[in-house]
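With compact mmCIF, C-alpha atoms inside, this is work.txt:
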# COMPACT_ATOMS: atom_id res chain seq x y z
CA MET E 39 -11.72 -34.05 -50.55
CA THR E 40 -15.08 -32.28 -50.58
CA PRO E 41 -16.75 -32.43 -47.16
CA ARG E 42 -20.03 -34.26 -46.94
CA ARG E 43 -23.13 -32.20 -46.19
CA PHE E 44 -23.52 -33.64 -42.71
CA ASP E 45 -19.92 -33.02 -41.64
CA ARG E 46 -19.85 -30.36 -38.94
CA PRO E 47 -17.53 -27.51 -39.90
CA GLY E 48 -14.67 -26.78 -37.54
CA PRO E 49 -14.23 -23.42 -35.87
CA GLY E 50 -12.35 -20.78 -37.81
CA ALA E 51 -9.43 -18.78 -36.53
CA PRO E 52 -10.31 -16.07 -33.99
CA THR E 53 -10.57 -12.57 -35.38
CA PRO E 54 -8.00 -10.26 -33.80
CA VAL E 55 -9.21 -7.08 -32.14
CA ARG E 56 -7.78 -3.77 -33.31
CA PHE E 57 -8.98 -1.40 -30.63
CA PRO E 58 -9.24 2.18 -31.89
CA ALA E 59 -6.88 4.86 -30.65
CA ILE E 60 -7.88 7.01 -27.69
CA ALA E 61 -7.19 10.74 -28.04
CA ARG E 62 -6.63 12.35 -24.63
CA GLU E 63 -6.81 15.89 -23.30
CA THR E 64 -7.00 17.24 -19.75
CA LEU E 65 -8.81 20.45 -18.88
CA ASP E 66 -7.31 22.92 -16.43
CA SER E 67 -9.80 21.67 -13.83
CA GLY E 68 -8.32 18.17 -14.04
CA LEU E 69 -11.21 16.65 -16.02
CA GLY E 70 -9.87 14.06 -18.45
CA ILE E 71 -11.30 14.02 -21.98
CA TRP E 72 -10.94 10.72 -23.87
CA VAL E 73 -12.21 10.55 -27.45
CA VAL E 74 -12.51 7.58 -29.80
CA GLN E 75 -13.61 8.05 -33.38
CA HIS E 76 -16.14 5.45 -34.49
CA ALA E 77 -18.17 6.72 -37.41
CA PRO E 78 -20.37 4.04 -39.03
CA VAL E 79 -23.45 6.04 -37.95
CA PRO E 80 -23.84 9.69 -36.85
CA VAL E 81 -24.14 8.76 -33.17
CA ALA E 82 -22.03 9.34 -30.07
CA THR E 83 -21.97 7.48 -26.76
CA ILE E 84 -20.93 9.71 -23.88
CA THR E 85 -19.85 8.29 -20.53
CA LEU E 86 -18.67 10.33 -17.58
CA ILE E 87 -16.69 8.19 -15.15
CA VAL E 88 -16.35 9.55 -11.62
CA SER E 89 -13.82 7.37 -9.81
CA ARG E 90 -15.84 7.11 -6.63
CA GLY E 91 -18.38 4.39 -5.86
CA THR E 92 -19.90 2.22 -3.17
CA GLY E 93 -16.43 1.47 -1.87
CA ASP E 94 -16.41 5.10 -0.68
CA ASP E 95 -19.51 4.71 1.49
CA PRO E 96 -18.86 5.73 5.12
CA VAL E 97 -18.88 2.72 7.44
CA ASP E 98 -22.14 3.87 9.05
CA ARG E 99 -23.79 5.08 5.83
CA HIS E 100 -23.82 2.12 3.47
CA GLY E 101 -25.85 3.01 0.37
CA LEU E 102 -24.87 6.69 0.42
CA ALA E 103 -22.92 6.60 -2.86
CA SER E 104 -25.74 4.86 -4.69
CA LEU E 105 -28.42 7.11 -3.19
CA THR E 106 -26.46 10.22 -4.15
CA GLY E 107 -26.06 8.89 -7.69
CA ASP E 108 -29.78 8.21 -7.89
CA LEU E 109 -30.52 11.81 -6.91
CA LEU E 110 -28.39 13.39 -9.63
CA ASP E 111 -31.09 13.23 -12.31
CA GLU E 112 -33.89 14.23 -9.94
CA GLY E 113 -33.29 17.85 -10.85
CA ALA E 114 -30.25 19.88 -11.87
CA GLY E 115 -29.52 23.48 -12.72
CA ASP E 116 -32.82 25.27 -13.31
CA ARG E 117 -34.76 22.07 -14.16
CA ASP E 118 -36.70 19.73 -11.92
CA ALA E 119 -36.75 15.97 -12.55
CA ILE E 120 -39.50 16.05 -15.19
CA GLN E 121 -38.01 19.02 -17.00
CA LEU E 122 -34.59 17.39 -16.97
CA ALA E 123 -35.95 14.12 -18.39
CA ASP E 124 -37.85 16.08 -21.04
CA ALA E 125 -34.69 17.98 -21.97
CA PHE E 126 -32.79 14.74 -22.55
CA ALA E 127 -35.77 13.25 -24.42
CA GLY E 128 -35.96 16.34 -26.61
CA LEU E 129 -32.42 15.58 -27.72
CA GLY E 130 -33.33 11.98 -28.47
CA THR E 131 -31.69 10.36 -25.48
CA GLN E 132 -31.97 9.53 -21.79
CA LEU E 133 -29.47 9.54 -18.96
CA GLU E 134 -28.42 6.38 -17.18
CA VAL E 135 -26.55 6.44 -13.87
CA ASP E 136 -24.76 3.35 -12.58
CA VAL E 137 -22.90 3.23 -9.27
CA GLY E 138 -20.42 0.37 -8.89
CA PRO E 139 -17.85 -0.53 -6.24
CA ASP E 140 -15.08 1.58 -7.76
CA ALA E 141 -16.76 4.21 -9.92
CA THR E 142 -19.96 5.98 -10.89
CA ALA E 143 -20.86 6.17 -14.58
CA LEU E 144 -23.29 8.61 -16.22
CA SER E 145 -24.04 7.57 -19.80
CA VAL E 146 -26.07 8.68 -22.81
CA THR E 147 -26.18 7.75 -26.49
CA THR E 148 -27.24 10.53 -28.79
CA LEU E 149 -26.90 12.01 -32.27
CA SER E 150 -23.47 13.48 -32.83
CA ARG E 151 -24.93 16.78 -34.00
CA VAL E 152 -26.38 17.53 -30.55
CA LEU E 153 -23.16 16.75 -28.68
CA GLY E 154 -22.90 20.26 -27.20
CA PRO E 155 -26.42 20.49 -25.73
CA VAL E 156 -26.18 16.96 -24.30
CA LEU E 157 -22.84 17.71 -22.64
CA ALA E 158 -24.36 20.87 -21.15
CA LEU E 159 -27.18 18.79 -19.61
CA MET E 160 -24.72 16.24 -18.25
CA ALA E 161 -22.64 19.04 -16.76
CA ASP E 162 -25.72 20.34 -14.96
CA VAL E 163 -26.42 16.88 -13.57
CA VAL E 164 -22.95 16.27 -12.18
CA ALA E 165 -21.90 19.82 -11.26
CA ARG E 166 -25.20 21.46 -10.29
CA PRO E 167 -27.60 18.81 -8.94
CA ARG E 168 -30.50 20.15 -6.89
CA LEU E 169 -30.40 17.47 -4.18
CA ALA E 170 -33.75 18.70 -2.93
CA ALA E 171 -35.46 17.46 0.23
CA ALA E 172 -38.63 16.24 -1.51
CA ASP E 173 -36.63 14.21 -4.03
CA PHE E 174 -34.40 12.81 -1.30
CA ASN E 175 -37.37 11.62 0.77
CA ARG E 176 -39.08 10.02 -2.23
CA VAL E 177 -35.98 8.26 -3.56
CA ARG E 178 -35.01 7.00 -0.12
CA GLU E 179 -38.52 5.60 0.42
CA LEU E 180 -38.36 3.83 -2.95
CA ARG E 181 -35.07 2.27 -1.93
CA LEU E 182 -36.45 1.12 1.40
CA ASN E 183 -39.33 -0.55 -0.42
CA ARG E 184 -36.89 -2.13 -2.85
CA LEU E 185 -34.92 -3.58 0.04
CA ARG E 186 -38.09 -5.11 1.46
CA GLN E 187 -38.77 -6.74 -1.91
CA LEU E 188 -35.21 -8.02 -2.31
CA SER E 189 -35.21 -9.53 1.17
CA ARG E 190 -37.76 -12.04 -0.16
CA SER E 191 -35.49 -13.14 -3.02
CA ALA E 192 -33.38 -16.16 -2.13
CA ALA E 193 -30.80 -15.28 -4.79
CA THR E 194 -30.39 -11.75 -3.45
CA VAL E 195 -30.16 -13.01 0.13
CA ALA E 196 -27.41 -15.42 -0.95
CA ASP E 197 -25.50 -12.73 -2.83
CA ARG E 198 -25.68 -10.31 0.09
CA MET E 199 -24.69 -12.96 2.62
CA TYR E 200 -21.75 -14.06 0.47
CA VAL E 201 -20.39 -10.55 -0.09
CA SER E 202 -20.56 -9.66 3.60
CA ALA E 203 -19.03 -13.00 4.64
CA VAL E 204 -16.13 -12.87 2.18
CA PHE E 205 -15.25 -9.16 2.32
CA GLY E 206 -16.19 -8.67 5.96
CA THR E 207 -15.78 -5.09 7.14
CA HIS E 208 -13.91 -4.05 3.99
CA ALA E 209 -15.48 -1.29 1.90
CA TYR E 210 -16.48 -3.90 -0.71
CA GLY E 211 -18.43 -5.90 1.87
CA HIS E 212 -21.90 -4.43 1.39
CA GLY E 213 -24.54 -4.01 -1.28
CA ALA E 214 -25.06 -0.82 -3.27
CA LEU E 215 -28.48 -0.20 -1.73
CA GLY E 216 -27.18 -0.35 1.83
CA THR E 217 -29.55 -1.50 4.56
CA THR E 218 -32.78 -0.25 6.06
CA ALA E 219 -30.85 0.96 9.12
CA SER E 220 -28.22 2.79 7.08
CA LEU E 221 -30.80 4.40 4.78
CA ASP E 222 -32.78 5.55 7.82
CA ALA E 223 -29.60 7.14 9.14
CA ILE E 224 -28.68 8.95 5.91
CA THR E 225 -29.75 12.57 5.77
CA LEU E 226 -30.06 15.03 2.92
CA GLU E 227 -26.96 16.77 4.25
CA ASP E 228 -25.06 13.49 3.96
CA THR E 229 -25.82 13.30 0.23
CA ARG E 230 -24.81 16.93 -0.27
CA GLU E 231 -21.57 16.39 1.62
CA PHE E 232 -20.83 13.19 -0.32
CA TRP E 233 -21.42 14.99 -3.61
CA THR E 234 -19.17 17.87 -2.54
CA ARG E 235 -16.33 15.56 -1.47
CA MET E 236 -16.53 12.92 -4.20
CA TYR E 237 -17.86 14.59 -7.34
CA ALA E 238 -14.91 16.70 -8.40
CA SER E 239 -13.52 17.31 -11.87
CA SER E 240 -10.16 15.92 -10.80
CA THR E 241 -11.74 12.50 -10.14
CA ALA E 242 -13.59 12.29 -13.47
CA THR E 243 -12.99 11.20 -17.06
CA LEU E 244 -15.33 12.15 -19.91
CA ILE E 245 -15.37 9.44 -22.60
CA VAL E 246 -16.92 10.18 -26.01
CA VAL E 247 -17.07 7.47 -28.67
CA GLY E 248 -18.69 8.00 -32.04
CA ASP E 249 -18.85 10.15 -35.15
CA VAL E 250 -16.97 13.04 -33.57
CA GLN E 251 -13.71 14.94 -33.84
CA ALA E 252 -11.45 15.15 -30.80
CA ASP E 253 -10.98 18.92 -31.02
CA GLU E 254 -14.74 19.43 -31.24
CA VAL E 255 -15.31 17.28 -28.15
CA VAL E 256 -12.66 19.15 -26.16
CA ARG E 257 -14.15 22.50 -27.19
CA GLU E 258 -17.70 21.49 -26.23
CA ALA E 259 -16.52 19.83 -23.01
CA ARG E 260 -14.63 22.95 -21.98
CA ARG E 261 -17.75 25.03 -22.63
CA ALA E 262 -20.03 22.65 -20.70
CA PHE E 263 -17.79 21.62 -17.81
CA GLY E 264 -15.59 24.69 -17.53
CA ARG E 265 -17.28 25.82 -14.30
CA TRP E 266 -17.02 22.39 -12.68
CA VAL E 267 -14.01 22.57 -10.41
CA GLY E 268 -12.78 21.09 -7.21
CA SER E 269 -10.28 18.44 -6.34
CA ILE E 270 -9.93 15.92 -3.56
CA GLU E 271 -7.04 14.02 -2.16
CA SER E 272 -5.52 11.77 -4.77
CA GLY E 273 -3.85 8.45 -4.22
CA PRO E 274 -5.21 5.02 -3.26
CA ARG E 275 -8.41 5.16 -1.22
CA LEU E 276 -8.78 1.47 -0.49
CA THR E 277 -6.41 -1.25 0.59
CA ALA E 278 -6.71 -4.89 -0.40
CA PRO E 279 -9.28 -6.83 1.66
CA ASP E 280 -8.15 -9.34 4.27
CA ALA E 281 -9.36 -12.92 4.18
CA PRO E 282 -11.93 -14.05 6.78
CA PRO E 283 -10.30 -15.74 9.78
CA ASP E 284 -11.77 -19.18 9.06
CA PRO E 285 -14.01 -20.66 6.35
CA ARG E 286 -17.55 -21.37 7.46
CA VAL E 287 -20.90 -22.55 6.19
CA PHE E 288 -23.46 -19.77 6.50
CA LEU E 289 -26.95 -21.25 6.51
CA VAL E 290 -29.88 -18.90 5.93
CA ASP E 291 -33.10 -20.70 6.81
CA ARG E 292 -36.05 -20.54 4.43
CA PRO E 293 -38.46 -23.17 5.78
CA GLY E 294 -40.15 -25.25 3.12
CA ALA E 295 -38.07 -23.87 0.22
CA PRO E 296 -37.91 -26.47 -2.58
CA GLN E 297 -34.51 -25.21 -3.71
CA ALA E 298 -31.32 -24.01 -2.06
CA GLU E 299 -29.24 -21.11 -3.31
CA LEU E 300 -25.52 -21.85 -3.11
CA ARG E 301 -22.54 -19.48 -3.11
CA LEU E 302 -19.03 -20.83 -2.63
CA GLY E 303 -15.81 -18.90 -2.90
CA HIS E 304 -13.19 -16.63 -1.43
CA LEU E 305 -11.23 -13.44 -2.04
CA GLY E 306 -9.58 -12.99 -5.41
CA PRO E 307 -7.06 -10.69 -7.10
CA PRO E 308 -7.62 -7.19 -8.53
CA ARG E 309 -8.19 -6.60 -12.23
CA GLN E 310 -4.56 -5.68 -12.77
CA THR E 311 -3.26 -9.11 -11.71
CA PRO E 312 -0.46 -10.30 -14.03
CA VAL E 313 -2.13 -13.71 -14.36
CA TYR E 314 -5.45 -12.28 -15.55
CA HIS E 315 -5.58 -14.27 -18.79
CA ALA E 316 -4.66 -17.53 -17.09
CA LEU E 317 -7.47 -16.95 -14.59
CA VAL E 318 -9.92 -16.30 -17.42
CA GLY E 319 -8.87 -19.70 -18.77
CA VAL E 320 -9.25 -21.33 -15.36
CA ASN E 321 -12.76 -19.92 -15.06
CA ALA E 322 -13.79 -21.06 -18.55
CA VAL E 323 -12.75 -24.63 -17.78
CA LEU E 324 -14.20 -24.70 -14.30
CA GLY E 325 -17.54 -22.91 -14.56
CA GLY E 326 -17.52 -19.95 -16.92
CA GLN E 327 -19.44 -21.56 -19.77
CA PHE E 328 -22.33 -23.98 -20.25
CA THR E 329 -20.00 -26.91 -21.01
CA SER E 330 -17.73 -26.23 -18.02
CA ARG E 331 -16.96 -28.88 -15.44
CA ILE E 332 -19.17 -27.71 -12.60
CA ASN E 333 -22.24 -27.16 -14.78
CA ARG E 334 -21.81 -30.59 -16.38
CA ARG E 335 -21.44 -32.22 -12.98
CA LEU E 336 -24.39 -30.56 -11.22
CA ARG E 337 -26.75 -30.32 -14.20
CA GLU E 338 -26.04 -33.33 -16.40
CA GLU E 339 -24.61 -35.92 -14.04
CA MET E 340 -26.38 -35.10 -10.75
CA GLY E 341 -29.51 -33.55 -12.27
CA VAL E 342 -30.00 -31.16 -9.35
CA THR E 343 -29.84 -27.76 -11.06
CA TYR E 344 -30.67 -25.89 -14.24
CA GLY E 345 -27.26 -24.29 -14.18
CA ALA E 346 -24.12 -23.47 -12.19
CA ARG E 347 -21.40 -20.97 -12.98
CA THR E 348 -18.19 -19.57 -11.61
CA THR E 349 -16.82 -16.07 -11.97
CA PHE E 350 -13.96 -13.83 -10.93
CA ASP E 351 -15.30 -10.48 -9.79
CA PHE E 352 -12.26 -8.32 -10.51
CA ARG E 353 -12.27 -4.95 -8.73
CA ARG E 354 -9.73 -2.18 -8.39
CA VAL E 355 -7.91 -3.32 -5.24
CA GLY E 356 -9.17 -6.88 -4.93
CA GLY E 357 -12.03 -9.12 -5.87
CA ALA E 358 -13.70 -12.43 -5.27
CA PHE E 359 -14.00 -15.82 -6.89
CA SER E 360 -17.35 -17.57 -6.54
CA CYS E 361 -19.54 -20.41 -7.73
CA ASP E 362 -23.28 -19.68 -7.92
CA SER E 363 -26.08 -22.18 -8.31
CA SER E 364 -29.62 -23.02 -7.24
CA VAL E 365 -30.09 -26.72 -6.52
CA ASP E 366 -32.74 -29.10 -5.27
CA ALA E 367 -33.09 -28.57 -1.52
CA THR E 368 -32.33 -32.21 -0.72
CA ALA E 369 -29.04 -32.05 -2.66
CA ALA E 370 -27.50 -28.91 -1.16
CA ALA E 371 -24.73 -30.64 0.81
CA ASP E 372 -23.90 -33.06 -2.00
CA ALA E 373 -23.67 -30.18 -4.47
CA VAL E 374 -21.37 -28.26 -2.12
CA ARG E 375 -19.08 -31.29 -1.82
CA ASP E 376 -18.96 -31.75 -5.58
CA VAL E 377 -18.17 -28.09 -6.22
CA LEU E 378 -15.33 -28.22 -3.68
CA THR E 379 -14.10 -31.41 -5.36
CA GLU E 380 -14.01 -29.65 -8.72
CA PHE E 381 -12.10 -26.78 -7.10
CA ASP E 382 -9.53 -29.37 -5.98
CA LEU E 383 -9.33 -31.25 -9.27
CA ILE E 384 -8.41 -28.24 -11.39
CA ARG E 385 -5.46 -27.64 -9.04
CA GLU E 386 -4.17 -31.21 -9.16
CA GLY E 387 -3.12 -31.63 -12.79
CA PRO E 388 -2.91 -29.98 -16.20
CA VAL E 389 -6.17 -29.50 -18.08
CA PRO E 390 -6.47 -31.97 -21.00
CA ASP E 391 -5.59 -30.46 -24.37
CA ASP E 392 -9.04 -30.88 -25.88
CA GLU E 393 -10.77 -29.30 -22.88
CA LEU E 394 -8.39 -26.35 -22.88
CA ALA E 395 -8.81 -25.90 -26.63
CA SER E 396 -12.59 -25.83 -26.22
CA ALA E 397 -12.33 -23.25 -23.45
CA LYS E 398 -10.02 -21.07 -25.54
CA ALA E 399 -12.38 -21.26 -28.51
CA SER E 400 -15.33 -20.18 -26.40
CA LEU E 401 -13.36 -17.16 -25.18
CA THR E 402 -11.77 -16.03 -28.43
CA ARG E 403 -14.00 -16.94 -31.39
CA GLY E 404 -16.70 -14.38 -30.58
CA TYR E 405 -14.58 -11.90 -28.68
CA VAL E 406 -14.50 -9.35 -31.49
CA ARG E 407 -18.28 -9.02 -31.26
CA ASN E 408 -17.77 -7.10 -28.00
CA PHE E 409 -16.51 -4.09 -29.97
CA GLU E 410 -19.03 -3.66 -32.78
CA THR E 411 -20.92 -0.60 -31.57
CA GLY E 412 -19.95 2.73 -30.11
CA GLY E 413 -21.67 1.80 -26.86
CA GLN E 414 -19.58 -1.37 -26.56
CA ILE E 415 -16.37 0.53 -27.26
CA ALA E 416 -17.33 3.17 -24.69
CA ARG E 417 -17.86 0.46 -22.05
CA ALA E 418 -14.43 -0.96 -22.87
CA VAL E 419 -12.80 2.47 -22.56
CA ALA E 420 -14.59 2.90 -19.24
CA GLN E 421 -12.87 -0.28 -18.01
CA ILE E 422 -9.51 1.17 -19.02
CA ALA E 423 -10.30 4.36 -17.11
CA THR E 424 -11.70 2.64 -14.02
CA HIS E 425 -8.95 0.06 -13.58
CA GLY E 426 -6.00 1.95 -15.02
CA LEU E 427 -5.45 -0.58 -17.82
CA PRO E 428 -3.12 -0.11 -20.82
CA ASP E 429 -4.66 1.01 -24.10
CA ASP E 430 -3.81 -2.30 -25.80
CA THR E 431 -5.66 -4.38 -23.19
CA PHE E 432 -8.28 -5.64 -25.63
CA ASP E 433 -5.85 -6.09 -28.55
CA ARG E 434 -3.82 -8.47 -26.38
CA PHE E 435 -6.73 -10.58 -25.15
CA VAL E 436 -7.07 -13.06 -28.04
CA PRO E 437 -3.34 -13.79 -28.51
CA ALA E 438 -2.84 -13.99 -24.74
CA ILE E 439 -5.66 -16.52 -24.35
CA GLU E 440 -4.42 -18.50 -27.34
CA ALA E 441 -0.96 -18.69 -25.75
CA ILE E 442 -2.13 -20.06 -22.38
CA THR E 443 -0.72 -23.50 -21.58
CA ALA E 444 -2.24 -26.23 -19.44
CA GLU E 445 0.61 -25.75 -16.99
CA GLN E 446 -0.17 -22.03 -16.65
CA VAL E 447 -3.82 -22.80 -15.99
CA GLN E 448 -2.89 -25.29 -13.29
CA ALA E 449 -0.37 -22.91 -11.73
CA ALA E 450 -2.95 -20.10 -11.58
CA ALA E 451 -5.55 -22.46 -10.13
CA GLU E 452 -3.15 -23.62 -7.41
CA VAL E 453 -2.79 -20.04 -6.20
CA PHE E 454 -6.22 -18.54 -6.84
CA ILE E 455 -8.64 -21.48 -6.41
CA ARG E 456 -8.50 -22.38 -2.73
CA PRO E 457 -11.20 -24.85 -1.65
CA ALA E 458 -9.86 -24.94 1.92
CA ASP E 459 -10.47 -21.19 2.19
CA ALA E 460 -13.90 -21.20 0.57
CA THR E 461 -16.80 -19.57 2.37
CA ILE E 462 -20.04 -21.48 1.78
CA VAL E 463 -23.47 -19.84 1.77
CA VAL E 464 -26.64 -21.92 1.61
CA VAL E 465 -30.06 -20.27 1.53
CA GLY E 466 -32.68 -22.97 1.95
CA ASP E 467 -34.60 -25.20 4.32
CA ALA E 468 -32.27 -25.64 7.30
CA GLU E 469 -34.14 -28.70 8.54
CA ARG E 470 -33.38 -30.55 5.32
CA SER E 471 -29.73 -29.59 5.00
CA ARG E 472 -28.19 -28.62 8.37
CA GLU E 473 -27.02 -32.10 9.41
CA ALA E 474 -25.57 -32.94 5.98
CA LEU E 475 -23.83 -29.57 5.79
CA ALA E 476 -22.28 -30.09 9.23
CA ALA E 477 -20.80 -33.37 7.96
CA ILE E 478 -18.67 -31.35 5.48
CA GLY E 479 -16.49 -30.53 8.46
CA ARG E 480 -16.80 -26.77 8.77
CA PRO E 481 -18.66 -24.73 11.37
CA VAL E 482 -22.28 -24.15 10.35
CA VAL E 483 -23.51 -20.70 11.30
CA VAL E 484 -27.24 -20.05 11.04
CA SER E 485 -27.36 -16.43 10.02
CA ALA E 486 -29.04 -13.91 7.74
CA PRO E 487 -27.78 -10.79 6.01
CA GLU E 488 -29.02 -7.38 7.03
CA PHE E 489 -31.55 -5.69 4.76
Structure rendered as C-alpha cells:
Amino acid sequence: MTPRRFDRPGPGAPTPVRFPAIARETLDSGLGIWVVQHAPVPVATITLIVSRGTGDDPVDRHGLASLTGDLLDEGAGDRDAIQLADAFAGLGTQLEVDVGPDATALSVTTLSRVLGPVLALMADVVARPRLAAADFNRVRELRLNRLRQLSRSAATVADRMYVSAVFGTHAYGHGALGTTASLDAITLEDTREFWTRMYASSTATLIVVGDVQADEVVREARRAFGRWVGSIESGPRLTAPDAPPDPRVFLVDRPGAPQAELRLGHLGPPRQTPVYHALVGVNAVLGGQFTSRINRRLREEMGVTYGARTTFDFRRVGGAFSCDSSVDATAAADAVRDVLTEFDLIREGPVPDDELASAKASLTRGYVRNFETGGQIARAVAQIATHGLPDDTFDRFVPAIEAITAEQVQAAAEVFIRPADATIVVVGDAERSREALAAIGRPVVVSAPEF
C-alpha cells in the first residue's frame, strides 16, 4: 500500500560505524605516533595528547596545569607570542590548547602539504616553551579577572560548588582555573617545574588524521620531536574518589535572584566501566535528551524551567552523575523533589519498550555523523588514547546500544543512580527556598565555592 502524503515516515535502520584503522609507531623517546588515513580533502588534523591535566595540580596550586598549558603558546623556541601566532597563521592554521582533568591536548588543522613545518612549530611549543615572566604575569592577571567574572555567574557557581562537594579533596574536586588564592600563590618557577615534570615525551601521543601516509608522519615527527626527551614515573597517578560522608543540600544565597540553579548527583564510574552502554541508555531515558523524563516533568508538566538534563561525566579513574537545571526560584524545592523521584522511578522497574526504543533511536540513528570529518575522527582517537579504550570502541557502540534490554537498564540504574546519596546544590534566593529545602530531610548548608 502506498503511504499517504501526510503519513510520517518511520526511522530507518542505524548506520553502522566502521572506524578507520590506527597505524602506530613509538619513537625511541617514548612518544607514541598514531596515524589514521582520511583523505576526502588534502587536510590533516594533528592532536598532541599529553596525559597530564588538572588532576595533576598540586593540592596547594589548583589551576597550575591549566595556567602552564595557557603559557605554552605565549612564546616558544626563538619566537615570542606574536611571532608564534604569525608562524601558525602563515601555514594556514592556529593552535588550540585544552587542559582537561586527565590530559592536555594541543590541536591544529592544516593542509597536509605543510605537515612538517606545523609539526616543527608544535614541537617548539611543547618541548621549548619560553615560560617568560612577562607572559606569566599577564596570563595570570587575565585568569584572575576571569575568575572575578565567573563568580557572578550563577551557573558557574553551581558547577563549582557541585564539583567540590561531590569530589571533595580528590584531585578532580576543583575547577581548571583554580582560585584567586591558588593563582596568587603560583609562581613562574612553579609553571617551569610543572612543565619539566609533566611534559615528557613518554607521557604523550601524537595523533595525525587526514590525507597523510603513516611513514611520512613518523619521519616528520622524528625530525620535529627527536630532541624532546624525558620520562616520568609511569603507572596510575590517581585513585578512585571516595564518596562524601553524607548527602547534603548546599545552598548558595543570591538574594533577589528570580531563578535557582540546581545540581543534583553523586560520584559515578570511570569511562572503562563494563556497563558503559547500559548507562548511556539510562541517561537517555532519564535526562539525556529533550524528550527525557526529567525534562518533560520540569518543563512540560511543572512549567518551571526551559530545560533540564542529566549526564555521566566519565573520567579516567572515576566520574560523576548529575542533573542540571535552572528553575523558577519559587519552585526550587519542588523541582529537587521531582528530580529525586525520577531518580527513584528508573530504579524501580523496567523501562517501557516504546520509551527504550525511542532512547535507542536518539542515540544510534545519528551516531555515524560523529565521524564525518578528520577533526571528529581525531577527537575520537584522542578519547581512545586518553582513556585506554580498545580500537573498536566506536564500531561497537551502535550494536551495543541496540542490544540493551530494559532489564539491563534497570540493573545499571539500581547501582549507578543513587538518590539517597545525591548531593544537592541550589544557587538562588535563600529566603525563598531555605525552609522548603529543609523539609526534604537533609542538612542544609549555606555555603559558597571559593573563587
Any idea what's packed within 8 Å of Arg62 of chain E, counting only C-alpha atoms, ignoring anything in its chain fewer than 3 positions away? Could you give it as a ChimeraX atom specification?
-> /E:70-73
So which one's closest to Gly211 of chain E, E:Arg456, E:Pro279, E:Leu109, E:Thr311? Using only C-alpha atoms, please.
-> E:Pro279
Excluding same-chain residues fewer than 6 positions from Asp98 of chain E, what lies within 9 Å of it counting all atoms listed in the file, as a PyMOL selection string?
-> chain E and resi 220+223-224
Work out how far atom CA of Pro58 of chain E is from atom CA of Arg90 of chain E, in Å to one decimal.
-> 26.6 Å
For Leu394 of chain E, list every protein, DNA or RNA residue within 10 Å, evaluated using all atoms listed in the file, and leave out those in the same chain fewer than 6 positions away; present the list as a ChimeraX atom specification.
-> /E:319-320,322-323,388,400,440,442-444,447
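Using all atoms listed in the file, the shortest contact distance between Ala474 of chain E and any of E:Ala346, E:Ala371, E:Ala316, E:Ala449 is found at E:Ala371.
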Using only C-alpha atoms, I'd like a table of the residues in segment 195-271 of chain E that come within 7 Å of segment 405-427 of chain E; for each, show the closest atom pair and its distance in Å rounded to one decimal, ordered by chain and ascending number, as a Markdown table.
| residue | atom | partner | partner_atom | distance |
| --- | --- | --- | --- | --- |
| E:Ile245 | CA | E:Ala416 | CA | 6.9 |
| E:Val247 | CA | E:Gly412 | CA | 5.7 |
| E:Gly248 | CA | E:Gly412 | CA | 5.8 |
Record the distance separating atom CA of Gly93 of chain E and atom CA of Val135 of chain E, expressed in Å with one decimal.
-> 16.5 Å
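Of the listed residues E:Gln187, E:Ser471, E:Thr217, E:Thr85, the one whose atoms come nearest to Pro293 of chain E is E:Ser471, with distances taken using only C-alpha atoms.
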In the coordinate frame of the file, compute which residues have an atom within 10 Å of (-18.3, -23.5, -14.7) when using all atoms listed in the file, and state them as a list in words.
-> Val320, Asn321, Ala322, Val323, Leu324, Gly325, Gly326, Gln327, Phe328, Thr329, Ser330, Arg331, Ile332, Asn333, Arg334, Arg335, Leu336, Gly345, Ala346, Arg347, Thr348, Thr349, Cys361, Asp362, Val377 and Glu380 of chain E
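Here atom CA of Val483 of chain E and atom CA of Val463 of chain E stand 9.6 Å from one another.
Among the candidates E:Val255, E:Ala170, E:Asp140, E:Thr234, the residue lying nearest to Val267 of chain E is E:Thr234 (atoms considered: all atoms listed in the file).
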Extract, using all atoms listed in the file, all DNA, RNA and protein residues at most 12 Å from Glu231 of chain E, discarding same-chain residues fewer than 5 positions from it, and format them as an MDAnalysis selection string.
-> chainID E and resid 95:96 102:103 106 169 224:226 236:237
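Restricting the calculation to all atoms listed in the file, the smallest distance between Phe454 of chain E and any of E:Asp392, E:Glu179, E:Asp382, E:Glu488 is found for E:Asp382.
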Non-local contacts of Glu473 of chain E (12 Å; all atoms listed in the file; under 3 positions in same chain excluded) as a PDB file with C-alpha atoms, in the coordinates of the input:
ATOM      1  CA  VAL E 287     -20.900 -22.550   6.190  1.00  0.00           C
ATOM      2  CA  LEU E 289     -26.950 -21.250   6.510  1.00  0.00           C
ATOM      3  CA  THR E 368     -32.330 -32.210  -0.720  1.00  0.00           C
ATOM      4  CA  ALA E 370     -27.500 -28.910  -1.160  1.00  0.00           C
ATOM      5  CA  ALA E 371     -24.730 -30.640   0.810  1.00  0.00           C
ATOM      6  CA  ASP E 372     -23.900 -33.060  -2.000  1.00  0.00           C
ATOM      7  CA  ASP E 467     -34.600 -25.200   4.320  1.00  0.00           C
ATOM      8  CA  ALA E 468     -32.270 -25.640   7.300  1.00  0.00           C
ATOM      9  CA  GLU E 469     -34.140 -28.700   8.540  1.00  0.00           C
ATOM     10  CA  ARG E 470     -33.380 -30.550   5.320  1.00  0.00           C
ATOM     11  CA  ALA E 476     -22.280 -30.090   9.230  1.00  0.00           C
ATOM     12  CA  ALA E 477     -20.800 -33.370   7.960  1.00  0.00           C
ATOM     13  CA  ILE E 478     -18.670 -31.350   5.480  1.00  0.00           C
ATOM     14  CA  GLY E 479     -16.490 -30.530   8.460  1.00  0.00           C
ATOM     15  CA  ARG E 480     -16.800 -26.770   8.770  1.00  0.00           C
ATOM     16  CA  PRO E 481     -18.660 -24.730  11.370  1.00  0.00           C
ATOM     17  CA  VAL E 482     -22.280 -24.150  10.350  1.00  0.00           C
TER      18      VAL E 482
END
